[in-house]
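S.K.: Below is start-v2.pdb; it holds PDB, C-alpha atoms and all ligand atoms.
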```pdb
ATOM      1  CA  MET A 498       4.078  17.907  10.793  1.00  0.00           C
ATOM      2  CA  LYS A 499       6.444  17.621   7.827  1.00  0.00           C
ATOM      3  CA  LEU A 500       5.439  15.432   4.890  1.00  0.00           C
ATOM      4  CA  PHE A 501       7.946  13.778   2.544  1.00  0.00           C
ATOM      5  CA  ILE A 502       6.963  11.807  -0.552  1.00  0.00           C
ATOM      6  CA  TYR A 503       9.311   9.286  -2.161  1.00  0.00           C
ATOM      7  CA  HIS A 504       8.380   7.761  -5.514  1.00  0.00           C
ATOM      8  CA  THR A 505      10.082   4.428  -4.695  1.00  0.00           C
ATOM      9  CA  PRO A 506      11.640   2.779  -1.607  1.00  0.00           C
ATOM     10  CA  GLU A 507      15.065   3.111  -3.252  1.00  0.00           C
ATOM     11  CA  LEU A 508      14.741   6.927  -3.052  1.00  0.00           C
ATOM     12  CA  THR A 509      14.197   7.072   0.706  1.00  0.00           C
ATOM     13  CA  PRO A 510      17.088   8.326   2.902  1.00  0.00           C
ATOM     14  CA  VAL A 511      19.153   5.442   4.281  1.00  0.00           C
ATOM     15  CA  ASP A 512      20.457   7.264   7.374  1.00  0.00           C
ATOM     16  CA  LYS A 513      17.172   8.000   9.139  1.00  0.00           C
ATOM     17  CA  VAL A 514      13.640   6.788   9.710  1.00  0.00           C
ATOM     18  CA  PRO A 515      10.445   8.864  10.105  1.00  0.00           C
ATOM     19  CA  GLU A 516       8.006   8.859  12.998  1.00  0.00           C
ATOM     20  CA  CYS A 517       5.354   7.602  10.565  1.00  0.00           C
ATOM     21  CA  ALA A 518       5.832   5.791   7.245  1.00  0.00           C
ATOM     22  CA  ILE A 519       2.966   5.089   4.850  1.00  0.00           C
ATOM     23  CA  ALA A 520       3.640   2.421   2.220  1.00  0.00           C
ATOM     24  CA  VAL A 521       1.620   2.803  -0.989  1.00  0.00           C
ATOM     25  CA  ASP A 522       1.192   0.182  -3.692  1.00  0.00           C
ATOM     26  CA  VAL A 523      -2.137   0.950  -5.310  1.00  0.00           C
ATOM     27  CA  LEU A 524      -1.878  -1.779  -7.967  1.00  0.00           C
ATOM     28  CA  ARG A 525      -2.339  -3.851  -5.968  1.00  0.00           C
ATOM     29  CA  ALA A 526      -0.535  -4.838  -2.709  1.00  0.00           C
ATOM     30  CA  THR A 527      -1.749  -2.166  -0.287  1.00  0.00           C
ATOM     31  CA  THR A 528      -5.239  -2.233  -1.814  1.00  0.00           C
ATOM     32  CA  THR A 529      -5.229  -5.999  -1.195  1.00  0.00           C
ATOM     33  CA  MET A 530      -3.975  -5.596   2.385  1.00  0.00           C
ATOM     34  CA  ALA A 531      -6.737  -3.126   3.292  1.00  0.00           C
ATOM     35  CA  THR A 532      -9.298  -5.415   1.635  1.00  0.00           C
ATOM     36  CA  VAL A 533      -8.110  -8.526   3.506  1.00  0.00           C
ATOM     37  CA  LEU A 534      -8.286  -6.809   6.901  1.00  0.00           C
ATOM     38  CA  ALA A 535     -11.671  -5.257   6.080  1.00  0.00           C
ATOM     39  CA  ALA A 536     -12.932  -8.774   5.238  1.00  0.00           C
ATOM     40  CA  GLY A 537     -11.878 -10.113   8.642  1.00  0.00           C
ATOM     41  CA  GLY A 538      -8.362 -11.351   7.949  1.00  0.00           C
ATOM     42  CA  GLU A 539      -6.410 -11.872  11.209  1.00  0.00           C
ATOM     43  CA  ALA A 540      -3.253 -10.163   9.883  1.00  0.00           C
ATOM     44  CA  VAL A 541      -1.071  -9.601   6.846  1.00  0.00           C
ATOM     45  CA  GLN A 542       2.527 -10.762   7.033  1.00  0.00           C
ATOM     46  CA  VAL A 543       4.824  -9.460   4.286  1.00  0.00           C
ATOM     47  CA  PHE A 544       7.892 -11.091   2.756  1.00  0.00           C
ATOM     48  CA  SER A 545      10.230  -9.997  -0.010  1.00  0.00           C
ATOM     49  CA  ASN A 546      11.468 -13.598  -0.331  1.00  0.00           C
ATOM     50  CA  LEU A 547       9.111 -16.324  -1.543  1.00  0.00           C
ATOM     51  CA  ASP A 548      11.036 -19.193   0.064  1.00  0.00           C
ATOM     52  CA  GLN A 549      11.079 -17.451   3.438  1.00  0.00           C
ATOM     53  CA  LEU A 550       7.308 -16.940   3.159  1.00  0.00           C
ATOM     54  CA  MET A 551       6.786 -20.656   2.544  1.00  0.00           C
ATOM     55  CA  GLN A 552       9.092 -21.604   5.418  1.00  0.00           C
ATOM     56  CA  VAL A 553       7.558 -19.264   8.026  1.00  0.00           C
ATOM     57  CA  SER A 554       3.947 -19.983   7.003  1.00  0.00           C
ATOM     58  CA  GLU A 555       4.579 -23.745   7.275  1.00  0.00           C
ATOM     59  CA  SER A 556       4.269 -23.384  11.051  1.00  0.00           C
ATOM     60  CA  TRP A 557       0.695 -22.121  10.691  1.00  0.00           C
ATOM     61  CA  PRO A 558      -2.229 -24.540  10.416  1.00  0.00           C
ATOM     62  CA  ALA A 559      -3.402 -24.651   6.797  1.00  0.00           C
ATOM     63  CA  GLU A 560      -6.920 -23.550   7.763  1.00  0.00           C
ATOM     64  CA  LYS A 561      -5.506 -20.422   9.434  1.00  0.00           C
ATOM     65  CA  ARG A 562      -3.267 -19.236   6.619  1.00  0.00           C
ATOM     66  CA  LEU A 563      -3.382 -18.048   3.019  1.00  0.00           C
ATOM     67  CA  ARG A 564      -0.273 -17.795   0.882  1.00  0.00           C
ATOM     68  CA  ALA A 565      -0.282 -15.009  -1.751  1.00  0.00           C
ATOM     69  CA  GLY A 566       2.594 -14.849  -4.218  1.00  0.00           C
ATOM     70  CA  GLU A 567       2.824 -12.412  -7.112  1.00  0.00           C
ATOM     71  CA  ARG A 568       5.660 -11.678  -9.524  1.00  0.00           C
ATOM     72  CA  GLY A 569       5.277  -9.530 -12.648  1.00  0.00           C
ATOM     73  CA  GLY A 570       1.572  -9.182 -11.864  1.00  0.00           C
ATOM     74  CA  ALA A 571       0.921 -12.921 -12.132  1.00  0.00           C
ATOM     75  CA  LYS A 572       0.296 -15.568  -9.452  1.00  0.00           C
ATOM     76  CA  VAL A 573       3.363 -17.590  -8.447  1.00  0.00           C
ATOM     77  CA  PRO A 574       2.794 -21.342  -8.976  1.00  0.00           C
ATOM     78  CA  GLY A 575       2.307 -23.228  -5.711  1.00  0.00           C
ATOM     79  CA  PHE A 576       0.639 -20.335  -3.901  1.00  0.00           C
ATOM     80  CA  ASP A 577      -3.025 -20.166  -2.857  1.00  0.00           C
ATOM     81  CA  MET A 578      -3.544 -16.902  -4.721  1.00  0.00           C
ATOM     82  CA  GLY A 579      -1.820 -14.071  -6.544  1.00  0.00           C
ATOM     83  CA  ASN A 580      -2.377 -10.475  -5.441  1.00  0.00           C
ATOM     84  CA  SER A 581      -5.884  -9.676  -6.608  1.00  0.00           C
ATOM     85  CA  PRO A 582      -7.993  -7.898  -3.976  1.00  0.00           C
ATOM     86  CA  LEU A 583     -11.055  -9.373  -5.667  1.00  0.00           C
ATOM     87  CA  GLU A 584     -10.087 -12.840  -4.417  1.00  0.00           C
ATOM     88  CA  CYS A 585     -10.095 -11.618  -0.805  1.00  0.00           C
ATOM     89  CA  THR A 586     -13.697 -12.403   0.096  1.00  0.00           C
ATOM     90  CA  PRO A 587     -14.815 -12.744   3.734  1.00  0.00           C
ATOM     91  CA  ASP A 588     -15.526 -16.450   3.196  1.00  0.00           C
ATOM     92  CA  LEU A 589     -11.924 -17.008   2.113  1.00  0.00           C
ATOM     93  CA  VAL A 590      -9.969 -14.707   4.460  1.00  0.00           C
ATOM     94  CA  LYS A 591     -11.974 -14.435   7.715  1.00  0.00           C
ATOM     95  CA  GLY A 592      -9.802 -15.379  10.701  1.00  0.00           C
ATOM     96  CA  ARG A 593      -6.816 -16.271   8.494  1.00  0.00           C
ATOM     97  CA  ARG A 594      -3.360 -14.679   8.173  1.00  0.00           C
ATOM     98  CA  LEU A 595      -2.352 -13.606   4.684  1.00  0.00           C
ATOM     99  CA  PHE A 596       1.292 -14.396   4.044  1.00  0.00           C
ATOM    100  CA  ILE A 597       2.107 -12.233   1.038  1.00  0.00           C
ATOM    101  CA  SER A 598       5.041 -11.491  -1.239  1.00  0.00           C
ATOM    102  CA  THR A 599       4.711  -9.173  -4.236  1.00  0.00           C
ATOM    103  CA  THR A 600       7.106  -7.689  -6.751  1.00  0.00           C
ATOM    104  CA  ASN A 601       7.399  -4.278  -5.101  1.00  0.00           C
ATOM    105  CA  GLY A 602       4.857  -3.536  -2.352  1.00  0.00           C
ATOM    106  CA  THR A 603       6.212  -5.938   0.234  1.00  0.00           C
ATOM    107  CA  ARG A 604       9.732  -4.591  -0.358  1.00  0.00           C
ATOM    108  CA  THR A 605       8.478  -1.087   0.419  1.00  0.00           C
ATOM    109  CA  LEU A 606       7.095  -2.219   3.759  1.00  0.00           C
ATOM    110  CA  GLN A 607      10.369  -3.910   4.624  1.00  0.00           C
ATOM    111  CA  ARG A 608      12.287  -0.728   3.763  1.00  0.00           C
ATOM    112  CA  VAL A 609      10.274   1.360   6.252  1.00  0.00           C
ATOM    113  CA  GLN A 610       9.673  -1.273   8.938  1.00  0.00           C
ATOM    114  CA  ASP A 611      11.888   0.503  11.518  1.00  0.00           C
ATOM    115  CA  ALA A 612       9.661   3.606  11.613  1.00  0.00           C
ATOM    116  CA  LYS A 613       7.727   4.181  14.850  1.00  0.00           C
ATOM    117  CA  ALA A 614       4.432   3.761  12.986  1.00  0.00           C
ATOM    118  CA  VAL A 615       4.119   1.881   9.684  1.00  0.00           C
ATOM    119  CA  LEU A 616       0.853   2.081   7.741  1.00  0.00           C
ATOM    120  CA  ALA A 617      -0.369   0.701   4.405  1.00  0.00           C
ATOM    121  CA  ALA A 618      -2.545   2.910   2.218  1.00  0.00           C
ATOM    122  CA  ALA A 619      -4.098   3.068  -1.231  1.00  0.00           C
ATOM    123  CA  PHE A 620      -6.943   5.098  -2.751  1.00  0.00           C
ATOM    124  CA  ILE A 621      -9.468   2.692  -1.277  1.00  0.00           C
ATOM    125  CA  ASN A 622      -8.509   3.558   2.332  1.00  0.00           C
ATOM    126  CA  ARG A 623      -6.991   7.025   1.779  1.00  0.00           C
ATOM    127  CA  GLY A 624      -9.406   8.574   4.243  1.00  0.00           C
ATOM    128  CA  ALA A 625      -8.404   6.161   6.983  1.00  0.00           C
ATOM    129  CA  ALA A 626      -4.736   7.107   6.556  1.00  0.00           C
ATOM    130  CA  VAL A 627      -5.536  10.837   6.612  1.00  0.00           C
ATOM    131  CA  LYS A 628      -7.708  10.388   9.726  1.00  0.00           C
ATOM    132  CA  TYR A 629      -4.701   8.793  11.468  1.00  0.00           C
ATOM    133  CA  LEU A 630      -2.380  11.674  10.500  1.00  0.00           C
ATOM    134  CA  LEU A 631      -4.890  14.290  11.687  1.00  0.00           C
ATOM    135  CA  SER A 632      -5.416  12.578  15.035  1.00  0.00           C
ATOM    136  CA  LEU A 633      -1.830  11.531  15.847  1.00  0.00           C
ATOM    137  CA  GLN A 634       0.005  14.498  14.223  1.00  0.00           C
ATOM    138  CA  PRO A 635       3.351  12.681  13.704  1.00  0.00           C
ATOM    139  CA  GLU A 636       6.325  15.056  13.425  1.00  0.00           C
ATOM    140  CA  THR A 637       7.722  13.509  10.232  1.00  0.00           C
ATOM    141  CA  VAL A 638       5.722  11.489   7.735  1.00  0.00           C
ATOM    142  CA  TRP A 639       7.092   9.591   4.745  1.00  0.00           C
ATOM    143  CA  ILE A 640       4.667   8.452   2.052  1.00  0.00           C
ATOM    144  CA  VAL A 641       6.584   5.879   0.023  1.00  0.00           C
ATOM    145  CA  GLY A 642       5.430   4.693  -3.380  1.00  0.00           C
ATOM    146  CA  SER A 643       6.411   1.184  -4.438  1.00  0.00           C
ATOM    147  CA  GLY A 644       6.986   1.925  -8.102  1.00  0.00           C
ATOM    148  CA  TRP A 645       8.042  -0.918 -10.345  1.00  0.00           C
ATOM    149  CA  GLU A 646      11.489  -2.462  -9.829  1.00  0.00           C
ATOM    150  CA  GLY A 647      12.966   0.893  -8.825  1.00  0.00           C
ATOM    151  CA  SER A 648      11.103   3.013 -11.377  1.00  0.00           C
ATOM    152  CA  PHE A 649       8.432   5.668 -10.864  1.00  0.00           C
ATOM    153  CA  SER A 650       4.769   4.628 -10.942  1.00  0.00           C
ATOM    154  CA  LEU A 651       2.020   7.122 -11.756  1.00  0.00           C
ATOM    155  CA  GLU A 652      -0.583   5.499  -9.537  1.00  0.00           C
ATOM    156  CA  ASP A 653       1.510   5.355  -6.370  1.00  0.00           C
ATOM    157  CA  THR A 654       2.660   8.971  -6.568  1.00  0.00           C
ATOM    158  CA  ALA A 655      -0.884  10.082  -7.394  1.00  0.00           C
ATOM    159  CA  CYS A 656      -2.118   8.239  -4.297  1.00  0.00           C
ATOM    160  CA  ALA A 657       0.583   9.905  -2.185  1.00  0.00           C
ATOM    161  CA  GLY A 658      -0.702  13.196  -3.580  1.00  0.00           C
ATOM    162  CA  ALA A 659      -4.267  12.188  -2.698  1.00  0.00           C
ATOM    163  CA  ILE A 660      -3.248  11.663   0.931  1.00  0.00           C
ATOM    164  CA  ALA A 661      -1.377  15.001   1.035  1.00  0.00           C
ATOM    165  CA  HIS A 662      -4.207  16.850  -0.736  1.00  0.00           C
ATOM    166  CA  SER A 663      -6.848  15.607   1.702  1.00  0.00           C
ATOM    167  CA  LEU A 664      -4.619  16.266   4.736  1.00  0.00           C
ATOM    168  CA  LEU A 665      -4.077  19.889   3.698  1.00  0.00           C
ATOM    169  CA  GLN A 666      -7.784  20.420   3.047  1.00  0.00           C
ATOM    170  CA  LEU A 667      -8.995  18.903   6.328  1.00  0.00           C
ATOM    171  CA  ALA A 668      -6.250  20.490   8.441  1.00  0.00           C
ATOM    172  CA  ASP A 669      -6.600  23.840   6.668  1.00  0.00           C
ATOM    173  CA  LEU A 670      -2.854  23.907   6.022  1.00  0.00           C
ATOM    174  CA  SER A 671      -0.926  25.173   3.008  1.00  0.00           C
ATOM    175  CA  ALA A 672       1.423  22.942   1.041  1.00  0.00           C
ATOM    176  CA  ASP A 673       4.221  25.312   1.992  1.00  0.00           C
ATOM    177  CA  GLU A 674       3.609  24.630   5.720  1.00  0.00           C
ATOM    178  CA  VAL A 675       3.667  20.854   5.334  1.00  0.00           C
ATOM    179  CA  ALA A 676       5.795  19.918   2.319  1.00  0.00           C
ATOM    180  CA  GLY A 677       9.196  18.556   3.289  1.00  0.00           C
ATOM    181  CA  ASN A 678      10.291  17.989  -0.325  1.00  0.00           C
ATOM    182  CA  ASP A 679       9.306  19.066  -3.854  1.00  0.00           C
ATOM    183  CA  GLU A 680       7.762  15.656  -4.512  1.00  0.00           C
ATOM    184  CA  VAL A 681       4.846  16.636  -2.251  1.00  0.00           C
ATOM    185  CA  ILE A 682       3.905  19.549  -4.542  1.00  0.00           C
ATOM    186  CA  ASN A 683       4.429  17.360  -7.598  1.00  0.00           C
ATOM    187  CA  ALA A 684       2.266  14.546  -6.233  1.00  0.00           C
ATOM    188  CA  ILE A 685      -0.587  16.882  -5.250  1.00  0.00           C
ATOM    189  CA  ALA A 686      -0.561  18.361  -8.780  1.00  0.00           C
ATOM    190  CA  LEU A 687      -0.632  14.874 -10.337  1.00  0.00           C
ATOM    191  CA  TYR A 688      -3.524  13.773  -8.137  1.00  0.00           C
ATOM    192  CA  SER A 689      -5.441  17.031  -8.716  1.00  0.00           C
ATOM    193  CA  GLN A 690      -5.250  16.470 -12.473  1.00  0.00           C
ATOM    194  CA  TRP A 691      -6.540  12.857 -12.325  1.00  0.00           C
ATOM    195  CA  GLN A 692      -8.731  12.722  -9.199  1.00  0.00           C
ATOM    196  CA  ASP A 693     -11.940  12.468 -11.235  1.00  0.00           C
ATOM    197  CA  ASN A 694     -10.557   9.814 -13.575  1.00  0.00           C
ATOM    198  CA  LEU A 695      -8.314   7.473 -11.602  1.00  0.00           C
ATOM    199  CA  LEU A 696      -9.207   4.538 -13.821  1.00  0.00           C
ATOM    200  CA  GLY A 697      -8.036   6.596 -16.785  1.00  0.00           C
ATOM    201  CA  LEU A 698      -4.788   7.250 -14.924  1.00  0.00           C
ATOM    202  CA  PHE A 699      -4.331   3.506 -14.407  1.00  0.00           C
ATOM    203  CA  HIS A 700      -4.915   2.882 -18.129  1.00  0.00           C
ATOM    204  CA  ASN A 701      -2.047   5.298 -18.859  1.00  0.00           C
ATOM    205  CA  ALA A 702       0.256   3.775 -16.234  1.00  0.00           C
ATOM    206  CA  SER A 703       2.815   1.122 -17.199  1.00  0.00           C
ATOM    207  CA  HIS A 704       1.711  -1.265 -14.475  1.00  0.00           C
ATOM    208  CA  GLY A 705      -1.930  -0.643 -15.258  1.00  0.00           C
ATOM    209  CA  LYS A 706      -1.197  -1.641 -18.860  1.00  0.00           C
ATOM    210  CA  ARG A 707       0.678  -4.720 -17.608  1.00  0.00           C
ATOM    211  CA  LEU A 708      -2.347  -5.755 -15.552  1.00  0.00           C
ATOM    212  CA  LEU A 709      -4.715  -5.096 -18.469  1.00  0.00           C
ATOM    213  CA  GLY A 710      -2.517  -7.448 -20.481  1.00  0.00           C
ATOM    214  CA  LEU A 711      -3.191 -10.047 -17.769  1.00  0.00           C
ATOM    215  CA  GLU A 712      -6.982  -9.488 -18.061  1.00  0.00           C
ATOM    216  CA  CYS A 713      -7.116  -7.700 -14.673  1.00  0.00           C
ATOM    217  CA  HIS A 714      -9.613  -5.035 -15.822  1.00  0.00           C
ATOM    218  CA  GLU A 715     -11.846  -5.549 -12.780  1.00  0.00           C
ATOM    219  CA  ASP A 716      -8.857  -5.209 -10.454  1.00  0.00           C
ATOM    220  CA  LEU A 717      -8.117  -1.765 -11.861  1.00  0.00           C
ATOM    221  CA  LYS A 718     -11.736  -0.696 -11.349  1.00  0.00           C
ATOM    222  CA  TYR A 719     -11.672  -1.958  -7.766  1.00  0.00           C
ATOM    223  CA  CYS A 720      -8.327  -0.233  -7.013  1.00  0.00           C
ATOM    224  CA  SER A 721      -9.594   3.075  -8.423  1.00  0.00           C
ATOM    225  CA  GLN A 722     -12.232   3.446  -5.662  1.00  0.00           C
ATOM    226  CA  THR A 723     -11.471   6.250  -3.179  1.00  0.00           C
ATOM    227  CA  ASP A 724     -12.207   6.239   0.578  1.00  0.00           C
ATOM    228  CA  THR A 725     -14.501   3.196   0.449  1.00  0.00           C
ATOM    229  CA  LEU A 726     -12.795   1.198   3.211  1.00  0.00           C
ATOM    230  CA  ASP A 727     -12.402   2.801   6.648  1.00  0.00           C
ATOM    231  CA  VAL A 728      -9.646   0.337   7.461  1.00  0.00           C
ATOM    232  CA  LEU A 729      -6.030   1.125   8.350  1.00  0.00           C
ATOM    233  CA  PRO A 730      -3.405  -1.648   8.242  1.00  0.00           C
ATOM    234  CA  MET A 731      -0.682  -0.895  10.810  1.00  0.00           C
ATOM    235  CA  GLN A 732       2.491  -2.803  11.579  1.00  0.00           C
ATOM    236  CA  GLN A 733       2.302  -4.469  15.028  1.00  0.00           C
ATOM    237  CA  GLU A 734       5.659  -6.259  14.778  1.00  0.00           C
ATOM    238  CA  PRO A 735       8.230  -6.255  11.953  1.00  0.00           C
ATOM    239  CA  GLY A 736       6.452  -7.353   8.781  1.00  0.00           C
ATOM    240  CA  VAL A 737       3.095  -8.081  10.473  1.00  0.00           C
ATOM    241  CA  LEU A 738       0.226  -5.644   9.898  1.00  0.00           C
ATOM    242  CA  LYS A 739      -3.136  -5.731  11.639  1.00  0.00           C
ATOM    243  CA  ARG A 740      -6.228  -3.565  11.537  1.00  0.00           C
ATOM    244  CA  TYR A 741      -5.625  -0.350  13.569  1.00  0.00           C
ATOM    245  CA  TYR A 742      -9.228   0.562  12.915  1.00  0.00           C
TER
HETATM  246  C1  LIG A 801       3.606  -4.910  -6.685  1.00  0.00           C
HETATM  247  O1  LIG A 801       4.038  -5.362  -5.614  1.00  0.00           O
HETATM  248  O2  LIG A 801       4.277  -4.294  -7.510  1.00  0.00           O
HETATM  249  C2  LIG A 801       2.191  -5.107  -7.049  1.00  0.00           C
HETATM  250  O3  LIG A 801       1.463  -5.403  -5.914  1.00  0.00           O
HETATM  251  C3  LIG A 801       2.115  -6.100  -8.156  1.00  0.00           C
HETATM  252  C4  LIG A 801       0.710  -6.537  -8.491  1.00  0.00           C
HETATM  253  O4  LIG A 801      -0.050  -6.901  -7.592  1.00  0.00           O
HETATM  254  O5  LIG A 801       0.366  -6.507  -9.661  1.00  0.00           O
END
```
Show me, as structure tokens, the structure contained in the file I just sent.

M.R.:
Amino acid sequence: MKLFIYHTPELTPVDKVPECAIAVDVLRATTTMATVLAAGGEAVQVFSNLDQLMQVSESWPAEKRLRAGERGGAKVPGFDMGNSPLECTPDLVKGRRLFISTTNGTRTLQRVQDAKAVLAAAFINRGAAVKYLLSLQPETVWIVGSGWEGSFSLEDTACAGAIAHSLLQLADLSADEVAGNDEVINAIALYSQWQDNLLGLFHNASHGKRLLGLECHEDLKYCSQTDTLDVLPMQQEPGVLKRYY
């Protein structure tokens, strides 16, 4: 198994796809996706375009759909919700499809959608992603951070490092055996430094500060949990993710 970490979707190679791609958007898209599926959501369908989301979801009965639109961290007017995982209660999401478009996370999933296996991970379901890698042993794995509009994000690269760190520990492998690029070593070091204070990392991160400015303190606390959901969102058809386990 060779592991490659890319800080943003823009940095991924354009001439190839991996056997397994893991999209990471800790604050908050992939945390929200894992939460929705854990709460009984039927599926998550991702869109980079808000109008296309509205058009496609129109064909779903209102009681079987939820429309989530976020831009700049805030809810888009006319949508049922923004992108807070705290809104995704079982009462609200059970049996419904979440049609979601966010500033960066949904773009990441679209960038990697041609991979043989496409997963969504965050700190909250890191263990579920690692369990998949250990059991399926894909030849090439990309962990792709979402960043912010093409720029590096601390939390996404730290989460990529958390996945790599746990994989190496549980598989008893060295970084040298697994790392396909320098970013893997970098990400493991970043995670190792902050693993006991992820909330503190978020408070230092530009998007964490943006969300604090939007009074999303509780979202940051929720997103800083590690391995609390044994749920793995996996793409079943382009742009549609369901619970693998
Ligand atoms: C993103 O797509 O960048 C995030 O999910 C935005 C957010 O939810 O704050």

S.K.: Using only C-alpha atoms and all ligand atoms, determine which residues fall within 9 Å of ligand LIG 801 (chain A), then list them as a ChimeraX atom specification.

M.R.: /A:522-529,567-572,579-582,598-605,643-646,704-705,707-708

S.K.: From the options A:Trp639, A:Phe576, A:Tyr688, A:Phe649, which residue's atoms come nearest to A:Phe620, counting all atoms listed in the file?

M.R.: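 The closest residue to A:Phe620 is A:Tyr688.
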
S.K.: Check the smallest atom-to-atom distance from each of A:Lys591, A:Lys561, A:His504, A:Lys499 to A:Val638 using all atoms listed in the file, then report the winner.

M.R.: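 Of all the options, A:Lys499 lies closest to A:Val638.
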
S.K.: Pick out the closest residue to A:Trp557 from this set: A:Leu729, A:Leu500, A:Leu595, A:Cys585. Count only C-alpha atoms.

M.R.: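 Nearest candidate to A:Trp557 out of A:Leu729, A:Leu500, A:Leu595, A:Cys585: A:Leu595.
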
S.K.: Any idea what's packed within 10 Å of A:Glu674, counting only C-alpha atoms, ignoring anything in its chain fewer than 3 positions away? Could you give it as number ranges by chain?

M.R.: A: 498-500, 665, 670-671, 677

S.K.: From the list A:Leu534, A:Ile597, A:Leu726, A:Ile502, which residue is nearest A:Ile682 when using all atoms listed in the file?

M.R.: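 Looking at the shortest contact to A:Ile682, the residue is A:Ile502.
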
S.K.: Could you expand the PyMOL selection byres (((chain A and resi 614) around 10) and not hetatm) into the explicit residues it covers here, written as a list in words?

M.R.: Pro515, Glu516, Cys517, Ala518, Ile519, Val609, Gln610, Asp611, Ala612, Lys613, Val615, Leu616, Pro635, Val638, Met731, Gln732 and Gln733 of chain A

S.K.: Could you tell me how far atom CA of A:Leu738 lies from atom CA of A:Ala540, in Å and to one decimal?

M.R.: 5.7 Å

S.K.: State, in Å with one decimal place, the distance from atom CA of A:Leu550 to atom CA of A:Ala531.

M.R.: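 Here the two named atoms are 19.7 Å from each other.
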
S.K.: Identify which of the residues A:Asn701, A:Asn678, A:Ser721, A:Pro574 lies closest to A:Thr637, counting only C-alpha atoms when measuring atom-to-atom distances.

M.R.: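 The answer is A:Asn678, which sits nearest to A:Thr637.
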
S.K.: Would you mind telling me which residue in A:Pro558, A:Gly647, A:Gly592, A:Gly566 lies nearest to A:Phe544 when using only C-alpha atoms?

M.R.: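 So, comparing all the options, the nearest one is A:Gly566.
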
S.K.: Have a look at atom CA of A:Leu583 and atom CA of A:His714 and let me know their distance in Å, one decimal.

M.R.: 11.1 Å

S.K.: Please evaluate the PyMOL selection byres (((chain A and resi 641) around 6) and not hetatm) against the structure above and give the resulting residues as a ChimeraX atom specification.

M.R.: /A:502-503,520-521,640,642

S.K.: Output the residue selection produced by the PyMOL selection byres (((chain A and resi 686) around 12) and not hetatm) on the file above, formatted as a ChimeraX atom specification.

M.R.: /A:651,654-659,661-662,672,679-685,687-692

S.K.: Any chance you could build stretch 571-581 of chain A out to N, CA, C and O atoms and write it as a PDB file, in the frame of the given file?

M.R.:
```
ATOM      1  N   ALA A 571       1.580 -11.597 -12.027  1.00  0.00           N
ATOM      2  CA  ALA A 571       0.921 -12.921 -12.132  1.00  0.00           C
ATOM      3  C   ALA A 571       1.110 -13.737 -10.850  1.00  0.00           C
ATOM      4  O   ALA A 571       2.047 -13.499 -10.074  1.00  0.00           O
ATOM      5  N   LYS A 572       0.230 -14.669 -10.618  1.00  0.00           N
ATOM      6  CA  LYS A 572       0.296 -15.568  -9.452  1.00  0.00           C
ATOM      7  C   LYS A 572       1.520 -16.479  -9.585  1.00  0.00           C
ATOM      8  O   LYS A 572       1.821 -16.977 -10.671  1.00  0.00           O
ATOM      9  N   VAL A 573       2.200 -16.682  -8.463  1.00  0.00           N
ATOM     10  CA  VAL A 573       3.363 -17.590  -8.447  1.00  0.00           C
ATOM     11  C   VAL A 573       2.847 -19.020  -8.274  1.00  0.00           C
ATOM     12  O   VAL A 573       2.017 -19.270  -7.379  1.00  0.00           O
ATOM     13  N   PRO A 574       3.253 -19.955  -9.122  1.00  0.00           N
ATOM     14  CA  PRO A 574       2.794 -21.342  -8.976  1.00  0.00           C
ATOM     15  C   PRO A 574       3.069 -21.876  -7.558  1.00  0.00           C
ATOM     16  O   PRO A 574       4.094 -21.550  -6.954  1.00  0.00           O
ATOM     17  N   GLY A 575       2.127 -22.633  -7.039  1.00  0.00           N
ATOM     18  CA  GLY A 575       2.307 -23.228  -5.711  1.00  0.00           C
ATOM     19  C   GLY A 575       1.731 -22.393  -4.580  1.00  0.00           C
ATOM     20  O   GLY A 575       1.707 -22.832  -3.430  1.00  0.00           O
ATOM     21  N   PHE A 576       1.253 -21.194  -4.922  1.00  0.00           N
ATOM     22  CA  PHE A 576       0.639 -20.335  -3.901  1.00  0.00           C
ATOM     23  C   PHE A 576      -0.881 -20.430  -3.979  1.00  0.00           C
ATOM     24  O   PHE A 576      -1.445 -20.782  -5.013  1.00  0.00           O
ATOM     25  N   ASP A 577      -1.559 -20.091  -2.872  1.00  0.00           N
ATOM     26  CA  ASP A 577      -3.025 -20.166  -2.857  1.00  0.00           C
ATOM     27  C   ASP A 577      -3.655 -19.128  -3.777  1.00  0.00           C
ATOM     28  O   ASP A 577      -4.746 -19.328  -4.310  1.00  0.00           O
ATOM     29  N   MET A 578      -2.992 -17.983  -3.894  1.00  0.00           N
ATOM     30  CA  MET A 578      -3.544 -16.902  -4.721  1.00  0.00           C
ATOM     31  C   MET A 578      -2.416 -15.981  -5.184  1.00  0.00           C
ATOM     32  O   MET A 578      -1.287 -16.058  -4.689  1.00  0.00           O
ATOM     33  N   GLY A 579      -2.766 -15.110  -6.127  1.00  0.00           N
ATOM     34  CA  GLY A 579      -1.820 -14.071  -6.544  1.00  0.00           C
ATOM     35  C   GLY A 579      -2.036 -12.865  -5.646  1.00  0.00           C
ATOM     36  O   GLY A 579      -2.120 -13.002  -4.416  1.00  0.00           O
ATOM     37  N   ASN A 580      -2.260 -11.685  -6.263  1.00  0.00           N
ATOM     38  CA  ASN A 580      -2.377 -10.475  -5.441  1.00  0.00           C
ATOM     39  C   ASN A 580      -3.610  -9.671  -5.839  1.00  0.00           C
ATOM     40  O   ASN A 580      -3.612  -8.436  -5.801  1.00  0.00           O
ATOM     41  N   SER A 581      -4.658 -10.406  -6.221  1.00  0.00           N
ATOM     42  CA  SER A 581      -5.884  -9.676  -6.608  1.00  0.00           C
ATOM     43  C   SER A 581      -6.755  -9.431  -5.377  1.00  0.00           C
ATOM     44  O   SER A 581      -7.151 -10.384  -4.695  1.00  0.00           O
TER      45      SER A 581
END
```
